file structure35.cif (mmCIF, C-alpha atoms and all ligand atoms)
data_start
loop_
_atom_site.label_atom_id
_atom_site.label_comp_id
_atom_site.auth_asym_id
_atom_site.auth_seq_id
_atom_site.Cartn_x
_atom_site.Cartn_y
_atom_site.Cartn_z
CA MET A 1 53.38 35.16 53.63
CA GLU A 2 54.03 38.64 52.27
CA LYS A 3 55.08 39.46 48.74
CA LEU A 4 57.70 41.98 47.68
CA ALA A 5 57.89 43.65 44.27
CA VAL A 6 60.67 45.47 42.45
CA LEU A 7 60.07 48.21 39.86
CA GLY A 8 62.93 48.25 37.33
CA CYS A 9 65.28 45.36 36.66
CA GLY A 10 68.43 47.36 35.93
CA VAL A 11 71.65 47.22 37.93
CA VAL A 12 70.12 48.07 41.33
CA GLY A 13 66.76 46.30 40.78
CA SER A 14 68.39 43.02 39.75
CA GLY A 15 70.77 43.43 42.71
CA VAL A 16 67.79 43.66 45.08
CA VAL A 17 66.27 40.47 43.63
CA GLU A 18 69.56 38.55 43.68
CA LEU A 19 70.61 39.61 47.19
CA PHE A 20 67.12 38.82 48.51
CA GLU A 21 67.17 35.31 47.00
CA LYS A 22 70.73 34.69 48.23
CA ASN A 23 69.99 35.71 51.84
CA LYS A 24 66.27 34.85 51.98
CA ASN A 25 66.52 32.45 54.95
CA LEU A 26 68.62 34.86 56.96
CA ILE A 27 66.31 37.77 56.15
CA GLU A 28 63.17 35.80 57.09
CA LYS A 29 64.73 34.69 60.35
CA ARG A 30 65.79 38.22 61.21
CA CYS A 31 62.45 39.86 60.42
CA GLY A 32 60.24 37.00 61.60
CA LYS A 33 58.15 36.88 58.42
CA THR A 34 57.85 34.57 55.44
CA LEU A 35 58.64 36.57 52.34
CA GLU A 36 58.50 35.98 48.61
CA MET A 37 59.74 38.04 45.67
CA GLY A 38 56.37 38.34 43.91
CA TYR A 39 56.94 40.55 40.87
CA ILE A 40 59.61 42.43 38.96
CA LEU A 41 58.27 45.19 36.73
CA ASP A 42 60.23 45.87 33.54
CA LEU A 43 59.36 46.37 29.90
CA ARG A 44 62.27 44.14 28.91
CA ASP A 45 62.34 40.32 28.97
CA PHE A 46 65.16 38.49 30.72
CA PRO A 47 64.50 34.88 29.53
CA ASP A 48 67.82 33.52 30.85
CA LYS A 49 67.48 34.86 34.37
CA PRO A 50 66.26 32.57 37.19
CA TYR A 51 63.63 35.20 38.04
CA ALA A 52 62.24 35.39 34.45
CA ASN A 53 58.86 34.02 35.63
CA LYS A 54 58.40 36.96 38.03
CA LEU A 55 58.60 39.61 35.32
CA VAL A 56 55.51 41.67 34.59
CA LYS A 57 54.99 44.69 32.35
CA ASN A 58 51.89 46.22 33.94
CA ILE A 59 52.01 48.05 37.30
CA GLU A 60 48.30 47.22 37.85
CA ILE A 61 49.24 43.60 38.56
CA ILE A 62 51.34 44.74 41.53
CA LEU A 63 48.84 47.37 42.69
CA ASN A 64 45.96 44.89 42.64
CA ASP A 65 47.69 42.06 44.50
CA PRO A 66 46.80 42.50 48.19
CA GLU A 67 49.63 40.17 49.20
CA VAL A 68 52.22 42.71 47.95
CA THR A 69 52.99 44.90 50.96
CA VAL A 70 56.37 46.42 50.08
CA VAL A 71 57.72 47.65 46.74
CA ALA A 72 61.25 48.71 45.72
CA GLU A 73 61.51 51.47 43.11
CA CYS A 74 64.79 51.16 41.19
CA MET A 75 63.78 52.70 37.86
CA GLY A 76 65.49 56.08 38.21
CA GLY A 77 64.23 59.40 36.85
CA VAL A 78 61.10 61.22 37.92
CA GLU A 79 58.52 59.70 35.57
CA PRO A 80 57.02 57.16 35.49
CA ALA A 81 58.69 56.44 38.86
CA PHE A 82 56.70 59.18 40.64
CA THR A 83 53.32 58.01 39.31
CA PHE A 84 54.06 54.36 40.12
CA VAL A 85 55.42 55.09 43.63
CA LYS A 86 52.49 57.38 44.46
CA SER A 87 50.03 54.71 43.27
CA CYS A 88 51.74 52.05 45.39
CA LEU A 89 51.54 54.30 48.48
CA GLU A 90 47.87 55.12 47.74
CA HIS A 91 47.24 51.36 47.73
CA GLY A 92 48.84 51.16 51.21
CA LYS A 93 52.02 49.52 49.94
CA SER A 94 55.24 50.86 51.45
CA VAL A 95 58.00 51.85 49.02
CA ALA A 96 61.81 51.81 49.27
CA THR A 97 63.73 53.70 46.60
CA SER A 98 67.29 54.29 45.47
CA ASN A 99 66.15 57.17 43.23
CA LYS A 100 67.63 60.45 44.52
CA GLU A 101 66.11 62.52 41.71
CA LEU A 102 62.66 61.33 42.77
CA VAL A 103 63.24 61.99 46.49
CA ALA A 104 64.87 65.40 45.93
CA SER A 105 62.07 66.64 43.66
CA LYS A 106 58.98 64.85 45.02
CA GLY A 107 59.92 63.64 48.52
CA ASP A 108 57.48 66.00 50.30
CA ILE A 109 54.51 64.72 48.27
CA LEU A 110 55.46 61.06 48.63
CA LEU A 111 56.07 61.32 52.38
CA GLN A 112 52.66 62.95 52.79
CA THR A 113 51.01 60.27 50.63
CA ALA A 114 52.64 57.55 52.73
CA LYS A 115 51.35 59.19 55.91
CA GLU A 116 47.81 59.49 54.57
CA ASN A 117 47.85 55.79 53.71
CA HIS A 118 49.55 54.50 56.89
CA CYS A 119 52.55 53.12 55.09
CA ASN A 120 56.17 54.25 54.59
CA PHE A 121 58.35 55.83 51.92
CA PHE A 122 62.00 55.02 52.68
CA PHE A 123 65.11 56.07 50.70
CA GLU A 124 68.26 54.97 52.52
CA ALA A 125 69.86 53.98 49.19
CA SER A 126 69.33 57.41 47.65
CA VAL A 127 72.31 58.97 49.47
CA GLY A 128 75.68 57.32 49.90
CA GLY A 129 74.69 53.90 48.46
CA ALA A 130 75.54 51.36 51.14
CA ILE A 131 76.33 53.94 53.83
CA PRO A 132 73.70 54.14 56.56
CA ILE A 133 73.02 57.88 56.80
CA ILE A 134 69.24 58.45 56.42
CA ARG A 135 68.34 56.12 59.29
CA PRO A 136 71.07 57.47 61.65
CA LEU A 137 69.87 61.03 60.99
CA HIS A 138 66.27 60.39 62.01
CA LYS A 139 66.84 57.60 64.52
CA CYS A 140 70.19 57.37 66.30
CA LEU A 141 70.84 61.13 66.10
CA ILE A 142 67.20 62.20 66.60
CA ALA A 143 68.05 64.05 69.85
CA ASN A 144 70.50 66.41 68.14
CA GLU A 145 70.09 69.83 66.69
CA PHE A 146 72.16 69.68 63.52
CA SER A 147 74.51 72.52 62.58
CA ALA A 148 76.27 71.11 59.50
CA ILE A 149 76.48 68.18 57.14
CA ALA A 150 79.35 67.93 54.67
CA GLY A 151 80.20 65.06 52.44
CA ILE A 152 81.66 63.49 49.38
CA LEU A 153 78.43 62.21 47.91
CA ASN A 154 79.42 61.45 44.34
CA GLY A 155 81.77 58.56 43.65
CA THR A 156 82.39 59.36 39.99
CA THR A 157 83.74 62.87 40.61
CA ASN A 158 85.73 61.65 43.60
CA PHE A 159 87.34 58.99 41.40
CA ILE A 160 88.17 61.60 38.75
CA LEU A 161 89.66 64.11 41.21
CA ASN A 162 91.60 61.35 42.92
CA LYS A 163 93.10 60.18 39.61
CA MET A 164 94.10 63.77 38.83
CA ILE A 165 95.97 63.98 42.13
CA THR A 166 97.52 60.51 42.26
CA ALA A 167 98.04 59.60 38.58
CA ASP A 168 98.66 63.04 37.05
CA MET A 169 95.69 62.62 34.71
CA ASP A 170 93.95 65.70 33.39
CA PHE A 171 90.18 65.98 33.80
CA ALA A 172 89.30 64.61 30.34
CA THR A 173 91.57 61.54 30.70
CA ALA A 174 90.32 60.78 34.21
CA LEU A 175 86.70 61.13 33.02
CA ALA A 176 87.37 58.72 30.12
CA LEU A 177 88.81 56.21 32.61
CA ALA A 178 85.76 56.60 34.89
CA GLN A 179 83.54 55.87 31.87
CA GLU A 180 85.67 52.86 30.87
CA LYS A 181 85.30 51.45 34.40
CA GLY A 182 81.53 51.97 34.30
CA TYR A 183 81.45 54.59 37.09
CA ALA A 184 80.53 57.54 34.88
CA GLU A 185 77.62 57.42 32.45
CA LYS A 186 78.11 57.98 28.71
CA ASP A 187 76.56 61.39 29.39
CA PRO A 188 78.39 62.29 32.60
CA THR A 189 76.60 65.63 33.09
CA ALA A 190 74.71 64.77 36.29
CA ASP A 191 77.91 63.67 38.02
CA VAL A 192 80.51 66.16 36.76
CA GLU A 193 78.22 69.20 36.93
CA GLY A 194 77.32 68.37 40.53
CA HIS A 195 73.59 67.66 39.95
CA ASP A 196 73.79 64.20 41.53
CA ALA A 197 75.54 65.53 44.65
CA CYS A 198 73.03 68.40 44.73
CA ARG A 199 70.07 65.99 44.86
CA LYS A 200 71.75 64.10 47.69
CA ILE A 201 72.44 67.20 49.81
CA CYS A 202 68.82 68.27 49.19
CA ILE A 203 67.67 64.99 50.75
CA LEU A 204 70.01 65.25 53.76
CA SER A 205 69.13 68.95 54.29
CA SER A 206 65.39 68.28 54.08
CA LEU A 207 65.64 65.46 56.59
CA ALA A 208 67.99 67.23 59.01
CA PHE A 209 66.09 70.54 59.02
CA GLY A 210 62.52 69.37 58.35
CA LYS A 211 61.76 71.52 55.28
CA HIS A 212 61.93 70.41 51.66
CA VAL A 213 65.02 71.80 49.94
CA TYR A 214 64.62 71.63 46.16
CA PRO A 215 67.65 71.34 43.84
CA GLU A 216 66.89 74.79 42.34
CA SER A 217 67.67 76.38 45.73
CA VAL A 218 71.17 74.93 45.97
CA TYR A 219 74.23 76.74 44.59
CA THR A 220 75.83 73.98 42.50
CA LYS A 221 79.18 74.00 40.74
CA GLY A 222 80.76 70.87 39.30
CA ILE A 223 84.34 69.84 38.63
CA ARG A 224 84.68 70.39 34.89
CA GLU A 225 86.93 73.42 35.36
CA VAL A 226 89.28 71.82 37.90
CA GLU A 227 92.78 71.89 36.44
CA LEU A 228 95.39 69.23 37.05
CA LYS A 229 97.81 71.99 38.00
CA ASP A 230 95.63 73.10 40.93
CA THR A 231 95.12 69.58 42.25
CA LYS A 232 98.92 69.24 42.39
CA LEU A 233 99.59 72.70 43.87
CA CYS A 234 96.84 72.26 46.45
CA GLU A 235 98.41 68.96 47.42
CA LYS A 236 101.75 70.72 47.95
CA LEU A 237 100.02 73.16 50.30
CA GLY A 238 98.48 70.26 52.25
CA TYR A 239 94.98 70.18 50.72
CA ALA A 240 92.99 67.89 48.42
CA ILE A 241 90.41 69.31 46.01
CA LYS A 242 87.12 67.46 46.55
CA LEU A 243 83.57 67.98 45.34
CA ILE A 244 81.90 68.86 48.63
CA ALA A 245 78.14 68.80 49.17
CA ARG A 246 77.43 70.73 52.31
CA VAL A 247 74.70 72.37 54.33
CA GLN A 248 75.36 74.74 57.21
CA MET A 249 73.01 76.23 59.77
CA LEU A 250 73.99 79.90 59.99
CA ASP A 251 73.74 82.20 63.02
CA ASN A 252 70.52 83.70 61.62
CA HIS A 253 69.02 80.15 61.68
CA LYS A 254 68.83 79.99 57.90
CA ILE A 255 70.47 77.06 56.15
CA LEU A 256 72.99 77.37 53.33
CA PRO A 257 73.24 74.28 51.10
CA THR A 258 76.03 74.26 48.49
CA VAL A 259 77.81 71.90 46.11
CA MET A 260 81.23 72.99 44.88
CA PRO A 261 84.84 71.87 44.60
CA MET A 262 86.62 72.83 47.81
CA ALA A 263 90.14 72.49 49.16
CA VAL A 264 90.07 70.06 52.07
CA GLU A 265 92.94 70.18 54.53
CA ASN A 266 94.88 66.94 54.94
CA ASP A 267 93.98 66.59 58.62
CA ASN A 268 90.27 66.45 57.71
CA LEU A 269 89.12 62.85 57.23
CA LEU A 270 87.23 63.85 54.07
CA SER A 271 90.54 64.60 52.35
CA ASP A 272 91.42 60.92 52.56
CA VAL A 273 88.22 59.55 51.01
CA ASN A 274 89.44 58.16 47.73
CA GLY A 275 88.24 56.45 44.56
CA VAL A 276 84.50 55.87 44.31
CA TYR A 277 83.99 55.87 48.09
CA ASN A 278 81.64 58.36 49.75
CA ALA A 279 81.72 59.86 53.24
CA VAL A 280 79.39 62.11 55.22
CA MET A 281 80.28 64.21 58.24
CA VAL A 282 77.41 65.25 60.50
CA ARG A 283 77.72 67.90 63.19
CA GLY A 284 75.16 67.99 66.00
CA ASP A 285 74.97 69.59 69.44
CA GLY A 286 74.95 66.23 71.22
CA ILE A 287 77.44 64.25 69.17
CA GLY A 288 79.92 66.92 68.14
CA LYS A 289 81.05 65.31 64.92
CA ALA A 290 80.24 61.87 63.48
CA MET A 291 81.52 60.41 60.25
CA PHE A 292 79.93 57.82 57.93
CA TYR A 293 82.01 56.12 55.25
CA GLY A 294 81.52 53.39 52.65
CA ARG A 295 80.70 52.41 49.10
CA GLY A 296 78.54 55.14 47.58
CA ALA A 297 77.33 53.19 44.57
CA GLY A 298 77.31 49.78 42.91
CA LYS A 299 74.86 46.94 42.43
CA PHE A 300 75.00 45.09 45.75
CA PRO A 301 75.98 47.98 48.06
CA THR A 302 72.92 49.90 46.83
CA ALA A 303 70.73 46.78 46.85
CA SER A 304 71.76 46.18 50.47
CA ALA A 305 70.39 49.61 51.44
CA VAL A 306 67.15 49.11 49.47
CA LEU A 307 66.57 45.71 51.08
CA GLY A 308 67.33 47.13 54.52
CA ASP A 309 64.46 49.58 53.98
CA MET A 310 62.12 46.90 52.59
CA ILE A 311 62.77 44.59 55.52
CA GLU A 312 62.03 47.33 58.04
CA GLU A 313 58.89 48.29 56.11
CA VAL A 314 57.63 44.71 56.23
CA GLN A 315 57.77 44.90 60.02
CA LEU A 316 56.04 48.27 60.43
CA SER A 317 52.29 48.59 60.82
CA ASP A 318 52.09 52.38 60.39
CA THR A 319 54.07 55.40 59.15
CA ILE A 320 57.06 56.27 61.32
CA PRO A 321 56.83 59.94 62.29
CA ALA A 322 60.53 60.91 62.44
CA GLN A 323 61.53 60.34 58.84
CA THR A 324 59.72 63.21 57.21
CA TRP A 325 59.75 66.85 56.12
CA GLU A 326 57.27 69.34 54.79
CA ASN A 327 56.98 71.74 51.89
CA VAL A 328 56.73 75.15 53.58
CA GLY A 329 55.84 76.87 50.31
CA ASN A 330 58.78 79.30 50.29
CA THR A 331 62.57 79.36 50.43
CA ASP A 332 62.88 81.97 53.20
CA PHE A 333 64.70 79.46 55.40
CA ILE A 334 67.50 79.12 52.79
CA GLU A 335 70.24 81.76 52.83
CA ASP A 336 71.51 83.27 49.60
CA VAL A 337 74.91 82.03 48.47
CA SER A 338 76.22 85.62 48.69
CA LYS A 339 76.50 84.92 52.44
CA PHE A 340 78.88 82.00 51.81
CA THR A 341 82.13 82.74 53.65
CA ALA A 342 85.44 80.90 53.54
CA LYS A 343 89.18 81.26 53.40
CA TYR A 344 90.38 80.72 49.83
CA TYR A 345 93.12 79.02 47.86
CA PHE A 346 94.13 81.29 44.98
CA ARG A 347 96.39 80.98 41.95
CA THR A 348 97.19 84.38 40.44
CA THR A 349 99.27 85.72 37.58
CA SER A 350 101.41 87.72 39.97
CA ALA A 351 104.05 86.46 42.35
CA ASP A 352 104.19 89.85 44.09
CA VAL A 353 103.33 88.94 47.69
CA ASN A 354 103.17 92.59 48.80
CA LEU A 355 100.66 93.50 46.14
CA LEU A 356 98.49 90.46 46.94
CA SER A 357 98.65 91.21 50.65
CA GLU A 358 97.37 94.73 49.92
CA VAL A 359 94.24 93.19 48.43
CA PHE A 360 93.67 90.18 50.64
CA GLY A 361 95.14 91.40 53.89
CA GLU A 362 97.48 88.86 55.32
CA ILE A 363 98.07 85.80 53.16
CA ALA A 364 99.15 82.57 54.78
CA SER A 365 102.88 82.13 55.09
CA GLN A 366 102.84 79.04 52.90
CA THR A 367 102.95 80.19 49.29
CA ILE A 368 104.28 78.61 46.13
CA SER A 369 105.63 80.42 43.12
CA THR A 370 105.36 78.44 39.91
CA ASP A 371 107.65 78.46 36.88
CA GLU A 372 105.16 80.72 35.11
CA GLU A 373 105.65 83.41 37.78
CA GLU A 374 102.26 82.60 39.28
CA LEU A 375 101.61 82.64 42.99
CA VAL A 376 99.58 80.09 44.88
CA PHE A 377 98.46 80.93 48.38
CA VAL A 378 95.72 80.56 50.99
CA THR A 379 94.15 83.65 52.55
CA GLU A 380 94.54 84.11 56.27
CA HIS A 381 91.06 85.64 56.55
CA ALA A 382 87.67 84.37 55.40
CA LEU A 383 85.98 86.30 52.58
CA ASN A 384 82.30 86.46 51.74
CA ARG A 385 81.29 86.38 48.07
CA MET A 386 81.12 90.16 47.76
CA GLU A 387 84.60 90.56 49.28
CA LEU A 388 85.80 87.86 46.93
CA GLU A 389 84.38 89.62 43.86
CA THR A 390 85.79 92.97 44.98
CA ALA A 391 89.24 91.45 45.50
CA VAL A 392 89.21 89.82 42.06
CA LYS A 393 88.15 93.14 40.44
CA THR A 394 90.78 95.13 42.34
CA LEU A 395 93.46 92.70 41.22
CA ALA A 396 92.25 92.96 37.61
CA GLN A 397 92.60 96.76 37.81
CA LYS A 398 96.22 96.20 38.87
CA GLY A 399 96.74 93.88 35.90
CA VAL A 400 96.65 90.65 37.94
CA GLN A 401 94.34 87.79 37.02
CA VAL A 402 92.96 85.15 39.37
CA LEU A 403 93.50 81.86 37.52
CA ALA A 404 91.94 79.55 40.10
CA GLN A 405 90.12 79.87 43.40
CA TYR A 406 88.84 77.21 45.80
CA PRO A 407 87.17 77.79 49.16
CA ILE A 408 88.78 75.97 52.06
CA LEU A 409 86.42 73.53 53.78
CA VAL A 410 85.86 73.96 57.50
CA ALA A 411 83.90 70.93 58.67
N1 LIG A 501 76.57 58.41 39.79
C1 LIG A 501 76.54 58.24 41.22
C2 LIG A 501 77.96 58.38 41.77
C3 LIG A 501 75.94 56.89 41.53
O1 LIG A 501 78.91 58.40 41.00
O2 LIG A 501 78.12 58.49 42.98
C4 LIG A 501 75.43 56.74 42.92
O3 LIG A 501 74.42 57.63 43.25
#

call {"tool": "encode", "arguments": {"input": "structure35.cif", "output": "structure tokens", "more": "lines below"}}
Ligand code: HSE
result
Amino acid sequence: MEKLAVLGCGVVGSGVVELFEKNKNLIEKRCGKTLEMGYILDLRDFPDKPYANKLVKNIEIILNDPEVTVVAECMGGVEPAFTFVKSCLEHGKSVATSNKELVASKGDILLQTAKENHCNFFFEASVGGAIPIIRPLHKCLIANEFSAIAGILNGTTNFILNKMITADMDFATALALAQEKGYAEKDPTADVEGHDACRKICILSSLAFGKHVYPESVYTKGIREVELKDTKLCEKLGYAIKLIARVQMLDNHKILPTVMPMAVENDNLLSDVNGVYNAVMVRGDGIGKAMFYGRGAGKFPTASAVLGDMIEEVQLSDTIPAQTWENVGNTDFIEDVSKFTAKYYFRTTSADVNLLSEVFGEIASQTISTDEEELVFVTEHALNRMELETAVKTLAQKGVQVLAQYPILVA
């Protein structure tokens, strides 16, 4: 018999306990082991819950029980999660976590600690909730050289943008609805400013390219400034504005990770990912393109991913080599965002196509003039950031303001 433990009895932690108890027989049959939920660590008491007798308040109880072989960390935040997870690994106990902040900031250290102690640190639930993406990247797709990953990795912002497009809600109203439905936190900063998606693309980039990408190295722009007007005008041009987390391998073999709202053409599957759903597109030299889609958050979808990791960890007798990355001590392998290049959607205060063509070269034939004498168009040519800044300055000198700009996603 082996014991499991869960750190944190919040939404995800309680989901792990409940799903395990519900499917215990099936799980034991599938993994060929007798398992028991040994402990749940939380400072709170839950006297009415069926698992009340498993609650403990001291991590030492879990660390010092040799029967506990696998631990789920569902506390969130960096501390005390980092200290507890590291201690578990140092005691030879494998850990599965849903905590993207922990993996994005401390993944290199925890993976190394797991290796030194012949156990595993898994984090399938940290990106895309229920969507299998971590395991496919280092297992099924292990033979590929990756050239790009692009995804909708934050359900809250996707819900908000979707409501703006389909229900004519402005940002503030859509955010209030997301909070009412329990998708967005009371303080929605991490979601709407793109920090959550940033942590997730850090994890995917680190895994795909083998070097730890820290959140500080990722150009990150959230959706707070997205105007209802642009979601509607973009739609008319055949695009949906989405918060896209993306990493590209450039020709110089540097990677460029970014998080920003982008205009996604309607024939791209990502444009049709709606509500709180997530999707990830992976490009590799063997597969071409593969797409992963599903529920990106929620109690049982996330618990399902955590338990999937725990069940695999129970069956492993040593660290698996493929799911890892290293801290190379510099960011030389990450390209500066100034090299970011894309075609752009623009909304300007001038409807003078000739003048705009002088600045941008050709502009796509499809343009929309609005009642306010503004022009909305997509450039025919891709611009890098310096060309973009120069164009905006040149227009300003001619008395024309750029009111909105969104890069067009090529994925
Ligand atoms: N706040 C996150 C989201 C939860 O909205 O996607 C899952 O990581």

call {"tool": "closest_residue", "arguments": {"input": "structure35.cif", "among": "A:His381, A:Lys29, A:Lys49, A:Lys22", "to": "Ser357 (chain A)", "atoms": "all atoms listed in the file"}}
result
A:His381

call {"tool": "closest_atom_pairs", "arguments": {"input": "structure35.cif", "of": "chain A", "to": "ligand LIG 501 (chain A)", "cutoff": "6 Å", "atoms": "all atoms listed in the file", "output": "CSV"}}
result
residue,atom,partner,partner_atom,distance
A:Asn154,CA,A:LIG501,O2,3.5
A:Gly155,CA,A:LIG501,O2,3.7
A:Thr156,CA,A:LIG501,O1,3.7
A:Asp191,CA,A:LIG501,N1,5.7
A:Gly296,CA,A:LIG501,O2,5.7
A:Ala297,CA,A:LIG501,C4,4.4

call {"tool": "closest_residue", "arguments": {"input": "structure35.cif", "among": "A:Lys186, A:Lys106, A:Lys93, A:Lys54", "to": "Cys119 (chain A)", "atoms": "only C-alpha atoms"}}
result
A:Lys93

call {"tool": "closest_atom_pairs", "arguments": {"input": "structure35.cif", "of": "region 326-388 of chain A", "to": "region 216-231 of chain A", "cutoff": "12 Å", "atoms": "all atoms listed in the file", "output": "tab-separated table"}}
result
residue	atom	partner	partner_atom	distance
A:Asn330	CA	A:Ser217	CA	10.4
A:Thr331	CA	A:Ser217	CA	7.5
A:Asp332	CA	A:Ser217	CA	10.5
A:Phe333	CA	A:Ser217	CA	10.6
A:Ile334	CA	A:Ser217	CA	7.6
A:Glu335	CA	A:Ser217	CA	9.3
A:Asp336	CA	A:Tyr219	CA	8.7
A:Val337	CA	A:Tyr219	CA	6.6
A:Ser338	CA	A:Tyr219	CA	10.0
A:Lys339	CA	A:Tyr219	CA	11.6
A:Phe340	CA	A:Tyr219	CA	10.1
A:Tyr345	CA	A:Asp230	CA	9.5
A:Phe346	CA	A:Asp230	CA	9.3
A:Arg347	CA	A:Asp230	CA	8.0
A:Thr348	CA	A:Asp230	CA	11.4
A:Ile368	CA	A:Asp230	CA	11.5
A:Thr370	CA	A:Lys229	CA	10.1
A:Asp371	CA	A:Lys229	CA	11.8
A:Glu372	CA	A:Lys229	CA	11.8
A:Glu374	CA	A:Lys229	CA	11.6
A:Leu375	CA	A:Asp230	CA	11.4
A:Val376	CA	A:Asp230	CA	8.9
A:Phe377	CA	A:Asp230	CA	11.2

call {"tool": "residues_around", "arguments": {"input": "structure35.cif", "residues": "Pro132 (chain A)", "least_positions_apart": "6", "cutoff": "9 Å", "atoms": "all atoms listed in the file", "output": "list of chain:residue names"}}
result
A:Glu124, A:Ala125, A:Phe292, A:Tyr293, A:Gly294, A:Ala305

call {"tool": "atom_distance", "arguments": {"input": "structure35.cif", "atom1": "CA of Leu307 (chain A)", "atom2": "CA of Lys3 (chain A)"}}
result
13.3 Å

call {"tool": "residues_near_point", "arguments": {"input": "structure35.cif", "point": "(66.4, 41.2, 50.5)", "cutoff": "10 Å", "atoms": "all atoms listed in the file", "output": "ChimeraX atom specification"}}
result
/A:4,15-28,35-37,303-311

call {"tool": "axis_aligned_box", "arguments": {"input": "structure35.cif", "around": "region 375-394 of chain A", "padding_each_side": "3 Å", "output": "AutoDock Vina command-line options"}}
result
--center_x 91.4 --center_y 87.6 --center_z 48.5 --size_x 26.5 --size_y 21.0 --size_z 22.1

call {"tool": "atom_distance", "arguments": {"input": "structure35.cif", "atom1": "CA of Asp285 (chain A)", "atom2": "CA of Asp267 (chain A)"}}
result
22.1 Å

call {"tool": "closest_residue", "arguments": {"input": "structure35.cif", "among": "A:Lys393, A:Arg283, A:Lys100, A:Arg135", "to": "Glu73 (chain A)", "atoms": "only C-alpha atoms"}}
result
A:Lys100

call {"tool": "closest_residue", "arguments": {"input": "structure35.cif", "among": "A:Met75, A:Met281, A:Ile59, A:Ala322", "to": "His138 (chain A)", "atoms": "only C-alpha atoms"}}
result
A:Ala322

call {"tool": "atom_distance", "arguments": {"input": "structure35.cif", "atom1": "CA of Asn162 (chain A)", "atom2": "CA of Glu180 (chain A)"}}
result
15.9 Å

call {"tool": "closest_residue", "arguments": {"input": "structure35.cif", "among": "A:Asn274, A:Asn120, A:Ser94, A:Asn268", "to": "Phe159 (chain A)", "atoms": "only C-alpha atoms"}}
result
A:Asn274

call {"tool": "closest_atom_pairs", "arguments": {"input": "structure35.cif", "of": "region 54-129 of chain A", "to": "region 207-211 of chain A", "cutoff": "12 Å", "atoms": "all atoms listed in the file", "output": "JSON lines"}}
result
{"residue": "A:Val103", "atom": "CA", "partner": "A:Leu207", "partner_atom": "CA", "distance": 10.9}
{"residue": "A:Ala104", "atom": "CA", "partner": "A:Leu207", "partner_atom": "CA", "distance": 10.7}
{"residue": "A:Gly107", "atom": "CA", "partner": "A:Leu207", "partner_atom": "CA", "distance": 10.1}
{"residue": "A:Asp108", "atom": "CA", "partner": "A:Lys211", "partner_atom": "CA", "distance": 8.6}
{"residue": "A:Leu111", "atom": "CA", "partner": "A:Leu207", "partner_atom": "CA", "distance": 11.2}
{"residue": "A:Phe122", "atom": "CA", "partner": "A:Leu207", "partner_atom": "CA", "distance": 11.7}
{"residue": "A:Phe123", "atom": "CA", "partner": "A:Leu207", "partner_atom": "CA", "distance": 11.1}
{"residue": "A:Glu124", "atom": "CA", "partner": "A:Leu207", "partner_atom": "CA", "distance": 11.6}
{"residue": "A:Val127", "atom": "CA", "partner": "A:Leu207", "partner_atom": "CA", "distance": 11.7}

call {"tool": "residues_around", "arguments": {"input": "structure35.cif", "residues": "Phe84 (chain A)", "least_positions_apart": "3", "cutoff": "9 Å", "atoms": "all atoms listed in the file", "output": "MDAnalysis selection string"}}
result
chainID A and resid 7 59 73 79:81 87:89

call {"tool": "closest_residue", "arguments": {"input": "structure35.cif", "among": "A:Arg44, A:Glu313, A:Leu356, A:Lys232", "to": "Met169 (chain A)", "atoms": "only C-alpha atoms"}}
result
A:Lys232

call {"tool": "residues_around", "arguments": {"input": "structure35.cif", "residues": "Ala391 (chain A)", "least_positions_apart": "4", "cutoff": "7 Å", "atoms": "all atoms listed in the file", "output": "PyMOL selection string"}}
result
chain A and resi 359-360+387+395

call {"tool": "decode", "arguments": {"input": "structure35.cif", "residues": "region 26-34 of chain A", "atoms": "N, CA and C atoms", "output": "PDB file, in the first residue's frame"}}
result
ATOM      1  N   LEU A  26     -10.993   2.060  -9.909  1.00  0.00           N
ATOM      2  CA  LEU A  26     -10.548   2.140 -11.303  1.00  0.00           C
ATOM      3  C   LEU A  26      -9.057   2.512 -11.376  1.00  0.00           C
ATOM      4  N   ILE A  27      -8.690   3.497 -10.562  1.00  0.00           N
ATOM      5  CA  ILE A  27      -7.294   3.971 -10.554  1.00  0.00           C
ATOM      6  C   ILE A  27      -6.359   2.844 -10.111  1.00  0.00           C
ATOM      7  N   GLU A  28      -6.742   2.138  -9.037  1.00  0.00           N
ATOM      8  CA  GLU A  28      -5.891   1.060  -8.509  1.00  0.00           C
ATOM      9  C   GLU A  28      -5.737  -0.055  -9.532  1.00  0.00           C
ATOM     10  N   LYS A  29      -6.841  -0.356 -10.208  1.00  0.00           N
ATOM     11  CA  LYS A  29      -6.798  -1.408 -11.229  1.00  0.00           C
ATOM     12  C   LYS A  29      -5.860  -0.990 -12.357  1.00  0.00           C
ATOM     13  N   ARG A  30      -5.996   0.272 -12.765  1.00  0.00           N
ATOM     14  CA  ARG A  30      -5.195   0.747 -13.905  1.00  0.00           C
ATOM     15  C   ARG A  30      -3.708   0.852 -13.571  1.00  0.00           C
ATOM     16  N   CYS A  31      -3.388   1.220 -12.323  1.00  0.00           N
ATOM     17  CA  CYS A  31      -1.949   1.380 -12.034  1.00  0.00           C
ATOM     18  C   CYS A  31      -1.374   0.182 -11.291  1.00  0.00           C
ATOM     19  N   GLY A  32      -2.210  -0.773 -10.957  1.00  0.00           N
ATOM     20  CA  GLY A  32      -1.702  -2.014 -10.348  1.00  0.00           C
ATOM     21  C   GLY A  32      -1.144  -1.825  -8.948  1.00  0.00           C
ATOM     22  N   LYS A  33      -1.626  -0.840  -8.230  1.00  0.00           N
ATOM     23  CA  LYS A  33      -1.132  -0.594  -6.861  1.00  0.00           C
ATOM     24  C   LYS A  33      -2.319  -0.328  -5.944  1.00  0.00           C
ATOM     25  N   THR A  34      -2.156  -0.634  -4.678  1.00  0.00           N
ATOM     26  CA  THR A  34      -3.166  -0.272  -3.683  1.00  0.00           C
ATOM     27  C   THR A  34      -2.776   1.107  -3.135  1.00  0.00           C
TER      28      THR A  34
END
